[in-house]
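J.: Data file upload-v6.cif (mmCIF, C-alpha atoms) is appended below.
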```
data_query
loop_
_atom_site.label_atom_id
_atom_site.label_comp_id
_atom_site.auth_asym_id
_atom_site.auth_seq_id
_atom_site.Cartn_x
_atom_site.Cartn_y
_atom_site.Cartn_z
CA MET Y 1 0.74 -12.50 22.00
CA SER Y 2 -2.37 -14.36 23.16
CA ASP Y 3 -2.63 -16.06 26.54
CA SER Y 4 -2.69 -19.52 24.92
CA SER Y 5 0.32 -19.06 22.62
CA LYS Y 6 3.92 -19.83 23.34
CA GLN Y 7 6.82 -17.80 22.00
CA VAL Y 8 9.95 -19.76 21.17
CA PRO Y 9 12.54 -18.29 23.58
CA HIS Y 10 15.06 -15.86 22.09
CA ALA Y 11 17.67 -17.44 24.34
CA ASP Y 12 17.48 -20.55 22.21
CA LEU Y 13 18.92 -18.48 19.36
CA ALA Y 14 21.73 -16.79 21.29
CA GLY Y 15 24.88 -16.81 19.20
CA THR Y 16 23.16 -18.08 16.08
CA ARG Y 17 23.80 -16.61 12.65
CA VAL Y 18 21.44 -14.65 10.45
CA GLU Y 19 20.52 -17.71 8.34
CA THR Y 20 19.23 -19.50 11.45
CA ARG Y 21 17.34 -16.48 12.75
CA ALA Y 22 15.69 -16.08 9.35
CA VAL Y 23 14.09 -19.49 9.86
CA ARG Y 24 13.53 -19.63 13.62
CA ALA Y 25 13.32 -16.21 15.28
CA GLY Y 26 10.10 -14.84 16.73
CA GLN Y 27 7.85 -17.85 16.23
CA ARG Y 28 4.75 -18.12 18.40
CA ARG Y 29 3.19 -21.57 18.77
CA THR Y 30 -0.41 -22.19 19.79
CA PRO Y 31 -1.54 -25.17 21.90
CA GLU Y 32 -1.85 -27.03 18.58
CA LEU Y 33 1.99 -26.99 18.43
CA GLU Y 34 2.11 -26.23 14.72
CA HIS Y 35 5.53 -26.33 13.06
CA SER Y 36 4.88 -23.60 10.47
CA GLU Y 37 3.95 -20.15 11.73
CA ALA Y 38 0.23 -19.68 12.37
CA LEU Y 39 -1.76 -17.13 10.40
CA TYR Y 40 -4.19 -14.95 12.39
CA PRO Y 41 -6.58 -13.27 9.91
CA THR Y 42 -8.68 -11.49 12.51
CA SER Y 43 -9.51 -7.84 13.00
CA SER Y 44 -9.96 -7.99 16.78
CA PHE Y 45 -9.42 -10.12 19.87
CA VAL Y 46 -11.66 -11.00 22.82
CA TYR Y 47 -11.03 -10.70 26.57
CA ASN Y 48 -11.91 -12.84 29.52
CA SER Y 49 -13.44 -9.90 31.37
CA ALA Y 50 -14.13 -6.19 31.17
CA ALA Y 51 -11.26 -5.66 33.59
CA GLN Y 52 -8.85 -7.48 31.28
CA ALA Y 53 -10.02 -5.41 28.31
CA ALA Y 54 -9.40 -2.23 30.28
CA ALA Y 55 -5.95 -3.43 31.33
CA ARG Y 56 -5.02 -4.27 27.73
CA PHE Y 57 -6.13 -0.88 26.40
CA ALA Y 58 -4.36 0.93 29.23
CA GLY Y 59 -1.13 -0.92 28.53
CA ASP Y 60 -1.07 -2.47 32.01
CA GLU Y 61 -1.28 -6.01 30.61
CA PRO Y 62 0.45 -7.26 27.46
CA GLY Y 63 -1.61 -8.93 24.79
CA ASN Y 64 -3.51 -8.48 21.56
CA ILE Y 65 -6.06 -5.70 21.16
CA TYR Y 66 -6.76 -4.91 17.51
CA SER Y 67 -4.92 -5.96 14.36
CA ARG Y 68 -4.24 -2.39 13.35
CA PHE Y 69 -1.38 -2.50 15.85
CA THR Y 70 -1.26 -5.93 17.54
CA ASN Y 71 -1.42 -9.22 15.68
CA PRO Y 72 0.56 -12.41 16.45
CA THR Y 73 1.55 -13.10 12.82
CA VAL Y 74 2.71 -9.54 12.30
CA ALA Y 75 4.55 -9.63 15.63
CA THR Y 76 6.40 -12.77 14.54
CA PHE Y 77 7.59 -10.99 11.41
CA GLU Y 78 8.61 -7.93 13.45
CA ASP Y 79 10.60 -10.04 15.91
CA ARG Y 80 12.26 -12.02 13.14
CA ILE Y 81 13.45 -9.06 11.07
CA ALA Y 82 14.72 -7.37 14.26
CA ALA Y 83 16.64 -10.50 15.24
CA MET Y 84 18.15 -10.75 11.76
CA GLU Y 85 19.26 -7.11 11.75
CA GLY Y 86 20.52 -7.25 15.33
CA GLY Y 87 18.08 -4.57 16.53
CA GLU Y 88 15.96 -4.47 19.67
CA ARG Y 89 12.53 -4.10 18.05
CA GLY Y 90 10.88 -4.19 14.67
CA VAL Y 91 7.76 -2.38 13.49
CA ALA Y 92 5.91 -3.68 10.41
CA THR Y 93 4.16 -1.33 8.00
CA ALA Y 94 1.88 -1.48 4.97
CA SER Y 95 4.69 -0.66 2.52
CA GLY Y 96 8.29 0.43 2.36
CA MET Y 97 7.19 4.03 1.92
CA ALA Y 98 4.92 3.68 4.96
CA ALA Y 99 8.00 2.58 6.92
CA ILE Y 100 9.84 5.74 5.88
CA LEU Y 101 6.82 7.96 6.56
CA ALA Y 102 6.23 6.43 10.01
CA THR Y 103 9.89 6.98 10.87
CA PHE Y 104 9.70 10.65 9.90
CA MET Y 105 6.34 11.23 11.60
CA GLY Y 106 7.30 9.43 14.77
CA LEU Y 107 10.71 10.98 15.33
CA LEU Y 108 10.62 14.46 13.77
CA GLN Y 109 8.68 17.64 14.36
CA HIS Y 110 8.15 21.10 12.87
CA GLY Y 111 11.46 22.93 12.53
CA ASP Y 112 13.61 19.79 12.29
CA HIS Y 113 16.05 19.25 9.45
CA ILE Y 114 17.01 16.12 7.50
CA VAL Y 115 20.15 15.55 5.46
CA CYS Y 116 19.38 12.99 2.75
CA SER Y 117 21.42 11.48 -0.04
CA ARG Y 118 20.36 12.41 -3.57
CA GLY Y 119 20.49 8.79 -4.70
CA VAL Y 120 17.39 7.63 -2.81
CA PHE Y 121 14.28 6.13 -4.36
CA GLY Y 122 12.37 8.79 -6.31
CA THR Y 123 9.25 8.56 -4.16
CA THR Y 124 11.32 9.17 -1.03
CA THR Y 125 12.51 12.42 -2.59
CA VAL Y 126 8.92 13.42 -3.37
CA LEU Y 127 7.84 12.56 0.19
CA LEU Y 128 10.52 14.86 1.60
CA GLN Y 129 10.24 17.71 -0.89
CA LYS Y 130 6.45 17.88 -1.24
CA TYR Y 131 4.86 16.44 1.88
CA MET Y 132 7.26 16.66 4.82
CA ALA Y 133 8.05 20.25 3.81
CA ARG Y 134 4.37 21.12 4.35
CA PHE Y 135 4.82 20.29 8.02
CA GLY Y 136 7.92 22.42 8.43
CA ILE Y 137 10.52 19.66 8.11
CA GLU Y 138 13.27 20.77 5.74
CA THR Y 139 15.62 18.54 3.77
CA THR Y 140 19.05 19.14 2.28
CA PHE Y 141 20.10 16.67 -0.42
CA VAL Y 142 23.77 15.75 -0.75
CA ASP Y 143 26.02 13.46 -2.75
CA LEU Y 144 25.93 10.07 -1.02
CA THR Y 145 29.67 9.54 -1.38
CA SER Y 146 30.87 13.06 -0.45
CA GLN Y 147 31.66 13.29 3.26
CA ALA Y 148 32.35 17.00 2.77
CA GLU Y 149 28.81 17.62 1.51
CA TRP Y 150 27.30 15.71 4.44
CA GLU Y 151 29.35 17.74 6.89
CA ALA Y 152 28.54 21.07 5.22
CA ALA Y 153 24.81 20.32 5.29
CA ILE Y 154 24.61 19.84 9.07
CA ARG Y 155 22.64 22.52 10.95
CA PRO Y 156 21.88 22.98 14.65
CA GLU Y 157 18.35 21.70 13.92
CA THR Y 158 19.51 18.60 12.01
CA ARG Y 159 17.91 15.55 13.61
CA MET Y 160 18.37 12.84 11.00
CA LEU Y 161 20.72 11.62 8.28
CA PHE Y 162 18.86 9.41 5.80
CA LEU Y 163 20.38 7.27 3.06
CA GLU Y 164 20.24 4.10 0.98
CA THR Y 165 23.32 1.97 0.62
CA PRO Y 166 23.70 0.59 -1.97
CA SER Y 167 21.60 3.30 -3.58
CA ASN Y 168 18.82 2.64 -6.06
CA PRO Y 169 19.43 2.66 -9.01
CA LEU Y 170 23.09 3.82 -9.14
CA GLY Y 171 24.45 1.32 -6.64
CA GLU Y 172 26.62 3.87 -4.82
CA ILE Y 173 27.96 2.94 -1.39
CA ALA Y 174 27.85 5.13 1.73
CA ASP Y 175 30.54 5.04 4.39
CA MET Y 176 28.17 4.25 7.25
CA GLU Y 177 30.79 4.43 9.98
CA ALA Y 178 31.87 7.94 8.96
CA LEU Y 179 28.26 9.10 8.69
CA ALA Y 180 27.36 7.54 12.05
CA THR Y 181 30.19 9.49 13.68
CA LEU Y 182 28.95 12.68 12.01
CA ALA Y 183 25.34 12.07 13.02
CA HIS Y 184 26.07 11.21 16.63
CA SER Y 185 28.46 14.11 17.14
CA ASN Y 186 25.59 16.38 16.13
CA GLU Y 187 22.90 14.60 18.18
CA ALA Y 188 21.23 13.26 15.05
CA LEU Y 189 20.07 9.78 14.04
CA LEU Y 190 21.55 7.75 11.19
CA VAL Y 191 18.76 6.01 9.27
CA VAL Y 192 19.77 3.44 6.64
CA ASP Y 193 17.50 1.91 4.00
CA ASN Y 194 18.87 -1.64 3.72
CA CYS Y 195 16.47 -2.77 1.00
CA LEU Y 196 19.01 -3.79 -1.62
CA CYS Y 197 21.27 -5.85 0.64
CA THR Y 198 18.93 -7.15 3.37
CA PRO Y 199 20.43 -8.32 6.69
CA VAL Y 200 21.89 -11.35 4.91
CA LEU Y 201 24.44 -9.21 3.05
CA GLN Y 202 24.69 -6.14 5.31
CA GLN Y 203 23.85 -5.23 8.90
CA PRO Y 204 23.97 -1.43 9.32
CA PHE Y 205 23.76 -1.53 13.13
CA ARG Y 206 27.28 -2.98 13.12
CA HIS Y 207 28.45 0.19 11.37
CA GLY Y 208 26.73 2.68 13.66
CA ALA Y 209 23.21 3.05 12.27
CA ASP Y 210 20.40 3.91 14.68
CA ILE Y 211 17.50 2.77 12.50
CA VAL Y 212 17.25 0.33 9.59
CA ILE Y 213 14.39 0.46 7.09
CA HIS Y 214 13.15 -2.15 4.61
CA SER Y 215 10.74 -2.40 1.76
CA ALA Y 216 9.68 -5.98 2.47
CA THR Y 217 8.08 -5.93 -0.97
CA LYS Y 218 11.49 -6.53 -2.50
CA TYR Y 219 13.98 -9.21 -1.45
CA LEU Y 220 12.37 -10.07 1.91
CA ASP Y 221 9.41 -11.47 -0.01
CA GLY Y 222 11.45 -12.47 -3.03
CA GLN Y 223 8.63 -13.46 -5.37
CA GLY Y 224 6.74 -10.22 -5.97
CA ARG Y 225 3.64 -11.32 -4.05
CA CYS Y 226 2.95 -8.71 -1.37
CA VAL Y 227 3.61 -5.10 -0.39
CA GLY Y 228 5.01 -4.27 3.04
CA GLY Y 229 7.74 -2.54 5.02
CA ALA Y 230 9.66 -2.68 8.28
CA VAL Y 231 11.53 -0.37 10.64
CA VAL Y 232 14.08 -1.71 13.15
CA GLY Y 233 15.75 0.13 16.02
CA SER Y 234 15.91 0.54 19.77
CA GLN Y 235 12.86 -0.04 21.96
CA GLN Y 236 12.66 3.69 22.70
CA LEU Y 237 12.76 4.84 19.10
CA MET Y 238 10.45 2.10 17.84
CA GLU Y 239 7.85 2.93 20.49
CA GLU Y 240 7.42 6.29 18.73
CA VAL Y 241 7.29 4.68 15.28
CA HIS Y 242 4.79 2.08 16.49
CA GLY Y 243 2.67 4.92 17.88
CA VAL Y 244 2.25 6.26 14.34
CA ILE Y 245 1.12 2.83 13.15
CA ARG Y 246 -1.35 2.50 16.02
CA THR Y 247 -2.78 5.98 15.48
CA ALA Y 248 -2.62 6.51 11.72
CA GLY Y 249 -2.99 2.89 10.60
CA PRO Y 250 -0.44 2.18 7.81
CA THR Y 251 -0.58 -1.42 8.99
CA MET Y 252 0.82 -4.64 7.58
CA SER Y 253 -1.86 -7.29 7.07
CA PRO Y 254 -1.47 -10.66 8.84
CA PHE Y 255 -1.52 -12.48 5.50
CA ASN Y 256 1.29 -10.33 4.09
CA ALA Y 257 3.31 -10.86 7.27
CA TRP Y 258 2.88 -14.61 6.90
CA VAL Y 259 4.06 -14.46 3.26
CA PHE Y 260 7.10 -12.42 4.29
CA LEU Y 261 7.94 -14.96 6.99
CA LYS Y 262 8.00 -17.66 4.34
CA GLY Y 263 10.23 -15.43 2.20
CA LEU Y 264 12.69 -14.88 5.02
CA GLU Y 265 13.26 -18.62 5.34
CA THR Y 266 14.97 -18.72 1.94
CA LEU Y 267 16.44 -15.21 1.98
CA SER Y 268 20.04 -16.28 2.58
CA LEU Y 269 20.06 -18.74 -0.32
CA ARG Y 270 18.37 -16.27 -2.64
CA MET Y 271 20.62 -13.29 -1.86
CA LYS Y 272 23.74 -15.32 -2.54
CA ALA Y 273 22.29 -16.49 -5.88
CA HIS Y 274 21.13 -12.98 -6.83
CA SER Y 275 24.61 -11.62 -6.06
CA GLU Y 276 26.40 -14.31 -8.05
CA ASN Y 277 24.14 -13.86 -11.08
CA ALA Y 278 24.35 -10.06 -10.92
CA LEU Y 279 28.14 -10.11 -10.82
CA ARG Y 280 28.25 -12.37 -13.88
CA VAL Y 281 25.87 -10.05 -15.76
CA ALA Y 282 27.85 -6.95 -14.72
CA GLN Y 283 31.11 -8.51 -15.85
CA TRP Y 284 29.60 -9.38 -19.23
CA LEU Y 285 28.02 -5.94 -19.72
CA ARG Y 286 31.31 -4.22 -19.01
CA GLU Y 287 32.82 -5.91 -22.10
CA GLN Y 288 30.09 -4.75 -24.50
CA PRO Y 289 30.95 -1.81 -26.80
CA ALA Y 290 27.35 -0.54 -26.75
CA ILE Y 291 27.50 -0.04 -22.96
CA GLU Y 292 29.08 3.19 -21.71
CA THR Y 293 29.18 2.45 -17.98
CA VAL Y 294 28.25 -0.41 -15.66
CA LEU Y 295 27.23 0.59 -12.12
CA TYR Y 296 27.82 -2.32 -9.76
CA ALA Y 297 30.06 -2.08 -6.70
CA GLY Y 298 30.72 -5.81 -6.79
CA LEU Y 299 33.04 -5.30 -9.76
CA PRO Y 300 36.67 -5.37 -8.53
CA ASP Y 301 37.56 -2.16 -10.42
CA HIS Y 302 34.55 -0.20 -9.09
CA PRO Y 303 35.87 2.83 -7.14
CA GLN Y 304 33.89 1.80 -4.05
CA ASN Y 305 34.56 -1.93 -4.21
CA GLU Y 306 36.79 -1.89 -1.12
CA LEU Y 307 34.17 -0.05 0.96
CA ALA Y 308 31.44 -2.35 -0.33
CA ARG Y 309 33.45 -5.42 0.67
CA HIS Y 310 34.01 -3.91 4.14
CA GLN Y 311 30.28 -3.38 4.72
CA GLN Y 312 28.68 -6.10 2.58
CA SER Y 313 29.15 -9.83 2.10
CA GLY Y 314 27.69 -9.69 -1.41
CA GLY Y 315 26.77 -7.20 -4.10
CA SER Y 316 23.00 -7.87 -4.24
CA GLY Y 317 21.10 -8.27 -7.50
CA VAL Y 318 20.66 -4.76 -8.90
CA VAL Y 319 22.87 -3.82 -11.85
CA SER Y 320 22.47 -0.51 -13.65
CA PHE Y 321 24.20 0.63 -16.82
CA ARG Y 322 24.21 3.41 -19.39
CA VAL Y 323 23.81 2.55 -23.04
CA SER Y 324 25.40 4.57 -25.81
CA GLY Y 325 22.80 7.10 -26.87
CA GLY Y 326 19.74 8.38 -25.04
CA ARG Y 327 16.17 7.44 -24.20
CA GLU Y 328 15.44 5.91 -27.60
CA GLN Y 329 18.37 3.51 -27.37
CA ALA Y 330 17.52 2.61 -23.76
CA TRP Y 331 13.87 1.95 -24.60
CA ASN Y 332 14.77 -0.09 -27.68
CA LEU Y 333 17.01 -2.31 -25.59
CA ILE Y 334 14.33 -2.76 -22.93
CA ASP Y 335 11.67 -3.61 -25.49
CA ARG Y 336 13.86 -6.26 -27.17
CA LEU Y 337 14.42 -8.23 -23.96
CA ASN Y 338 12.39 -11.42 -23.51
CA LEU Y 339 13.44 -12.83 -20.13
CA PHE Y 340 13.46 -9.52 -18.24
CA SER Y 341 9.98 -8.37 -17.22
CA ILE Y 342 9.41 -4.65 -17.77
CA THR Y 343 8.37 -3.60 -14.27
CA ALA Y 344 9.63 -1.17 -11.65
CA ASN Y 345 9.72 -3.79 -8.90
CA LEU Y 346 12.99 -5.41 -7.88
CA GLY Y 347 14.11 -8.29 -5.69
CA ASP Y 348 11.91 -10.80 -7.49
CA ALA Y 349 12.97 -14.33 -8.47
CA LYS Y 350 12.08 -13.17 -11.99
CA SER Y 351 14.56 -10.74 -13.56
CA THR Y 352 13.18 -7.28 -14.22
CA VAL Y 353 14.21 -4.21 -16.21
CA THR Y 354 13.13 -0.58 -16.00
CA HIS Y 355 14.01 2.89 -17.26
CA PRO Y 356 14.41 4.91 -14.04
CA ALA Y 357 14.14 8.36 -15.64
CA THR Y 358 10.56 7.68 -16.75
CA THR Y 359 9.39 5.27 -14.03
CA THR Y 360 10.80 5.11 -10.49
CA HIS Y 361 12.28 8.61 -10.72
CA GLY Y 362 9.86 10.01 -13.28
CA ARG Y 363 8.26 12.49 -10.85
CA LEU Y 364 11.55 14.23 -10.15
CA SER Y 365 12.36 17.53 -11.83
CA ASP Y 366 14.87 17.51 -14.66
CA GLU Y 367 17.29 19.32 -12.36
CA ASP Y 368 16.95 16.69 -9.61
CA LYS Y 369 17.39 13.89 -12.13
CA GLU Y 370 20.58 15.47 -13.42
CA ARG Y 371 21.95 15.97 -9.92
CA GLY Y 372 21.06 12.42 -9.00
CA GLY Y 373 22.62 10.84 -12.08
CA ILE Y 374 19.28 9.65 -13.47
CA THR Y 375 20.14 10.04 -17.13
CA GLU Y 376 17.98 9.17 -20.12
CA ASN Y 377 20.32 6.35 -21.15
CA LEU Y 378 20.26 4.68 -17.72
CA VAL Y 379 18.76 1.16 -17.50
CA ARG Y 380 18.29 -0.78 -14.27
CA LEU Y 381 18.25 -4.56 -14.06
CA SER Y 382 17.13 -6.62 -11.09
CA VAL Y 383 18.89 -9.88 -11.82
CA GLY Y 384 16.75 -12.82 -10.75
CA LEU Y 385 17.22 -16.52 -10.24
CA GLU Y 386 16.96 -17.77 -13.82
CA SER Y 387 19.97 -19.35 -15.50
CA VAL Y 388 22.54 -16.57 -15.78
CA GLU Y 389 23.62 -17.96 -19.14
CA ASP Y 390 20.06 -17.49 -20.44
CA LEU Y 391 19.95 -13.94 -19.10
CA ILE Y 392 23.24 -13.03 -20.78
CA GLU Y 393 22.07 -14.55 -24.06
CA ASP Y 394 18.89 -12.45 -23.82
CA LEU Y 395 20.92 -9.27 -23.24
CA GLU Y 396 23.29 -10.16 -26.08
CA ARG Y 397 20.40 -10.63 -28.53
CA ALA Y 398 18.77 -7.37 -27.40
CA LEU Y 399 21.99 -5.39 -27.73
CA SER Y 400 22.57 -6.78 -31.21
CA GLY Y 401 19.11 -5.64 -32.29
CA GLY Y 402 17.69 -9.14 -32.57
#
```
How would this structure read if it were set down as structure tokens?

T.:
Amino acid sequence: MSDSSKQVPHADLAGTRVETRAVRAGQRRTPELEHSEALYPTSSFVYNSAAQAAARFAGDEPGNIYSRFTNPTVATFEDRIAAMEGGERGVATASGMAAILATFMGLLQHGDHIVCSRGVFGTTTVLLQKYMARFGIETTFVDLTSQAEWEAAIRPETRMLFLETPSNPLGEIADMEALATLAHSNEALLVVDNCLCTPVLQQPFRHGADIVIHSATKYLDGQGRCVGGAVVGSQQLMEEVHGVIRTAGPTMSPFNAWVFLKGLETLSLRMKAHSENALRVAQWLREQPAIETVLYAGLPDHPQNELARHQQSGGSGVVSFRVSGGREQAWNLIDRLNLFSITANLGDAKSTVTHPATTTHGRLSDEDKERGGITENLVRLSVGLESVEDLIEDLERALSGG
């Protein structure tokens, strides 16, 4: 924060709800007293004296140094997402995968062990299996919903339990409170990727998580404009994660941070609309004879609906399903859709569709796909903000071969 800026006091937001924090938290105002957050597209900052520069670099005086690791716009985003999640500190990154990498690099070392759910994003699996393994960090993959598998995988060197809930693309739900108890009784950290729900629908810290991770690219932005990520946790843990950003440089740009701040202002309204539309689509799909299975925990008869309702205030916008047949039938359906954009991104105002087995999880081995439930007939929808009636009509025409 620069000497001439003023941060809106956090105390002003004490007791406020997530919708208010999404609009107000973390703002820094300059002497111009702007109402919208200022954008600081600068690489570096100047000092009043050589002594002040030395004090800033030494950490003896707070303030901006270099936008690789200190920028007022980025700091506003970091403070806002931390306030929304209920964490002490946020660290912004260049992408969601950079957030995961920085968490691993900052908090783990050679010889450590991770227990990770099989249902994570395909690139997260590759990061663990191919790259973290090179540095002597081993991973055991388990069924997200099997407490017995989580418990059996624990070793003396286990330092982290990592999961997505709901998972992408199967929409499975983890019992965070049970896993937090398991992690903490073994001196490990529980790290939760909250990308699909966002803090509007789910706040993992309330259920025992130590760290929450986001791909800001998805719902936090909401319009498919920018790539970014965030990590939220305690001051102590985030100091180590921030150290990776400062040293290695997977940094969020000021412009992207500013775009994400604008996205956060409407996040609550959008997540409720995404959830309502997705539930309508899931209910309709469940009645179609050409659909084998609909994977959406918001459905009342879903086996994890009760757990989802305990942890979440909405189902989010991702609905996956299995069509009768295999890859050919899945691809034919995808190709016949008009209102669903064929893209691997999710969380956009525009509805999207993808074939996970050949896109988001395409780099996994056939064995890992089978274990993770990534079948050839699996289709994933990210239900957007269009008229849900139009989306259902589009799906109906595509299923009928029109």

J.: Quick one: apply the PyMOL selection byres ((chain Y and resi 275-281) around 10) to the file and drop the selected residues here as a PyMOL selection string.

T.: chain Y and resi 197+201+270-274+282-286+294+296-299+313-319+381-389+391-392+395

J.: Evaluate the PyMOL selection byres ((chain Y and resi 157-167) around 8) against this structure - the residues, as a short mmCIF file (atom, residue, chain, number, x, y, z; two decimals) with C-alpha atoms, in the coordinates of the input, please.

T.:
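Okay, part_12.cif is ready:
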```
data_model
loop_
_atom_site.label_atom_id
_atom_site.label_comp_id
_atom_site.auth_asym_id
_atom_site.auth_seq_id
_atom_site.Cartn_x
_atom_site.Cartn_y
_atom_site.Cartn_z
CA LEU Y 108 10.62 14.46 13.77
CA GLY Y 111 11.46 22.93 12.53
CA ASP Y 112 13.61 19.79 12.29
CA HIS Y 113 16.05 19.25 9.45
CA ILE Y 114 17.01 16.12 7.50
CA VAL Y 115 20.15 15.55 5.46
CA CYS Y 116 19.38 12.99 2.75
CA SER Y 117 21.42 11.48 -0.04
CA GLY Y 119 20.49 8.79 -4.70
CA VAL Y 120 17.39 7.63 -2.81
CA PHE Y 121 14.28 6.13 -4.36
CA LEU Y 144 25.93 10.07 -1.02
CA ILE Y 154 24.61 19.84 9.07
CA ARG Y 155 22.64 22.52 10.95
CA PRO Y 156 21.88 22.98 14.65
CA ASN Y 168 18.82 2.64 -6.06
CA PRO Y 169 19.43 2.66 -9.01
CA LEU Y 170 23.09 3.82 -9.14
CA GLY Y 171 24.45 1.32 -6.64
CA GLU Y 172 26.62 3.87 -4.82
CA ILE Y 173 27.96 2.94 -1.39
CA ALA Y 174 27.85 5.13 1.73
CA LEU Y 179 28.26 9.10 8.69
CA ALA Y 183 25.34 12.07 13.02
CA ASN Y 186 25.59 16.38 16.13
CA GLU Y 187 22.90 14.60 18.18
CA ALA Y 188 21.23 13.26 15.05
CA LEU Y 189 20.07 9.78 14.04
CA LEU Y 190 21.55 7.75 11.19
CA VAL Y 191 18.76 6.01 9.27
CA VAL Y 192 19.77 3.44 6.64
CA ASP Y 193 17.50 1.91 4.00
CA ASN Y 194 18.87 -1.64 3.72
CA CYS Y 195 16.47 -2.77 1.00
CA LEU Y 196 19.01 -3.79 -1.62
CA CYS Y 197 21.27 -5.85 0.64
#
```

J.: Could you check how far atom CA of Y:Val74 sits from atom CA of Y:Pro254, in Å to one decimal?

T.: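 Going from atom CA of Y:Val74 over to atom CA of Y:Pro254 covers 5.5 Å.
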
J.: Taking the file as I've supplied it (selection: the PyMOL selection byres ((chain Y and resi 339) around 9)), which residues are included? Please answer as a VMD selection string.

T.: chain Y and resid 337 to 338 340 to 341 350 to 352 386 390 to 391 394 to 395

J.: Kindly export the residues of the current selection with C-alpha atoms, as a JSON list (two decimals), in the frame of the given file.

T.:
```json
[["chain", "number", "residue", "atom", "x", "y", "z"],
["Y", 337, "LEU", "CA", 14.42, -8.23, -23.96],
["Y", 338, "ASN", "CA", 12.39, -11.42, -23.51],
["Y", 340, "PHE", "CA", 13.46, -9.52, -18.24],
["Y", 341, "SER", "CA", 9.98, -8.37, -17.22],
["Y", 350, "LYS", "CA", 12.08, -13.17, -11.99],
["Y", 351, "SER", "CA", 14.56, -10.74, -13.56],
["Y", 352, "THR", "CA", 13.18, -7.28, -14.22],
["Y", 386, "GLU", "CA", 16.96, -17.77, -13.82],
["Y", 390, "ASP", "CA", 20.06, -17.49, -20.44],
["Y", 391, "LEU", "CA", 19.95, -13.94, -19.10],
["Y", 394, "ASP", "CA", 18.89, -12.45, -23.82],
["Y", 395, "LEU", "CA", 20.92, -9.27, -23.24]]
```

J.: May I ask for the distance between atom CA of Y:Ala330 and atom CA of Y:Ala349, given in Å to one decimal place?

T.: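 These atoms are spaced 23.3 Å apart.
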
J.: Quote the spacing between atom CA of Y:Ala94 and atom CA of Y:Asn345 in Å to one decimal place.

T.: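 Separation of atom CA of Y:Ala94 and atom CA of Y:Asn345: 16.1 Å.
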
J.: Taking only C-alpha atoms into account, which of Y:Asp79, Y:Asp175, Y:Glu151, Y:Asp366 comes nearest Y:Gln235?

T.: Y:Asp79

J.: Using only C-alpha atoms, pick whichever of Y:Thr359, Y:Gly228, Y:Ala308, Y:Tyr66 has the shortest atom-to-atom distance to Y:Ile100.

T.: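 Of all the options, Y:Gly228 lies closest to Y:Ile100.
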
J.: At a cut-off of 12 Å around the point (18.7, -19.2, 16.3) (file coordinates), what residues fall inside when counting only C-alpha atoms? I'd like the answer as an MDAnalysis selection string.

T.: chainID Y and resid 8:27 80 83:84

J.: Excluding Y:Arg371 and residues on its chain fewer than 3 positions from it, collect all residues at most 10 Å away from it, counting all atoms listed in the file, and give them as a short mmCIF file (atom, residue, chain, number, x, y, z; two decimals) with C-alpha atoms, in the frame of the given file.

T.:
```cif
data_model
loop_
_atom_site.label_atom_id
_atom_site.label_comp_id
_atom_site.auth_asym_id
_atom_site.auth_seq_id
_atom_site.Cartn_x
_atom_site.Cartn_y
_atom_site.Cartn_z
CA ARG Y 118 20.36 12.41 -3.57
CA GLY Y 119 20.49 8.79 -4.70
CA PHE Y 141 20.10 16.67 -0.42
CA VAL Y 142 23.77 15.75 -0.75
CA ASP Y 143 26.02 13.46 -2.75
CA SER Y 365 12.36 17.53 -11.83
CA ASP Y 366 14.87 17.51 -14.66
CA GLU Y 367 17.29 19.32 -12.36
CA ASP Y 368 16.95 16.69 -9.61
CA ILE Y 374 19.28 9.65 -13.47
CA THR Y 375 20.14 10.04 -17.13
#
```

J.: Taking all atoms listed in the file into account, which of Y:Ala133, Y:Leu295, Y:Ala257, Y:Ala92 comes nearest Y:Gly373?

T.: Y:Leu295

J.: For Y:Val241, which of Y:Ala75, Y:Ile213, Y:Val91, Y:Leu128 is the closest residue, counting only C-alpha atoms?

T.: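 For Y:Val241, the nearest of the given residues is Y:Val91.
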
J.: Counting all atoms listed in the file, which residue out of Y:Ile81, Y:Ala290, Y:Ile65, Y:Leu346 sits closest to Y:Phe321?

T.: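 Smallest distance to Y:Phe321 is found for Y:Ala290.
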
J.: Would you please work out which residue, of Y:Ala209, Y:Ala344, Y:Leu127, Y:Leu107, is nearest to Y:Gly233 when using all atoms listed in the file?

T.: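 With all atoms listed in the file as the atom set, the closest residue is Y:Ala209.
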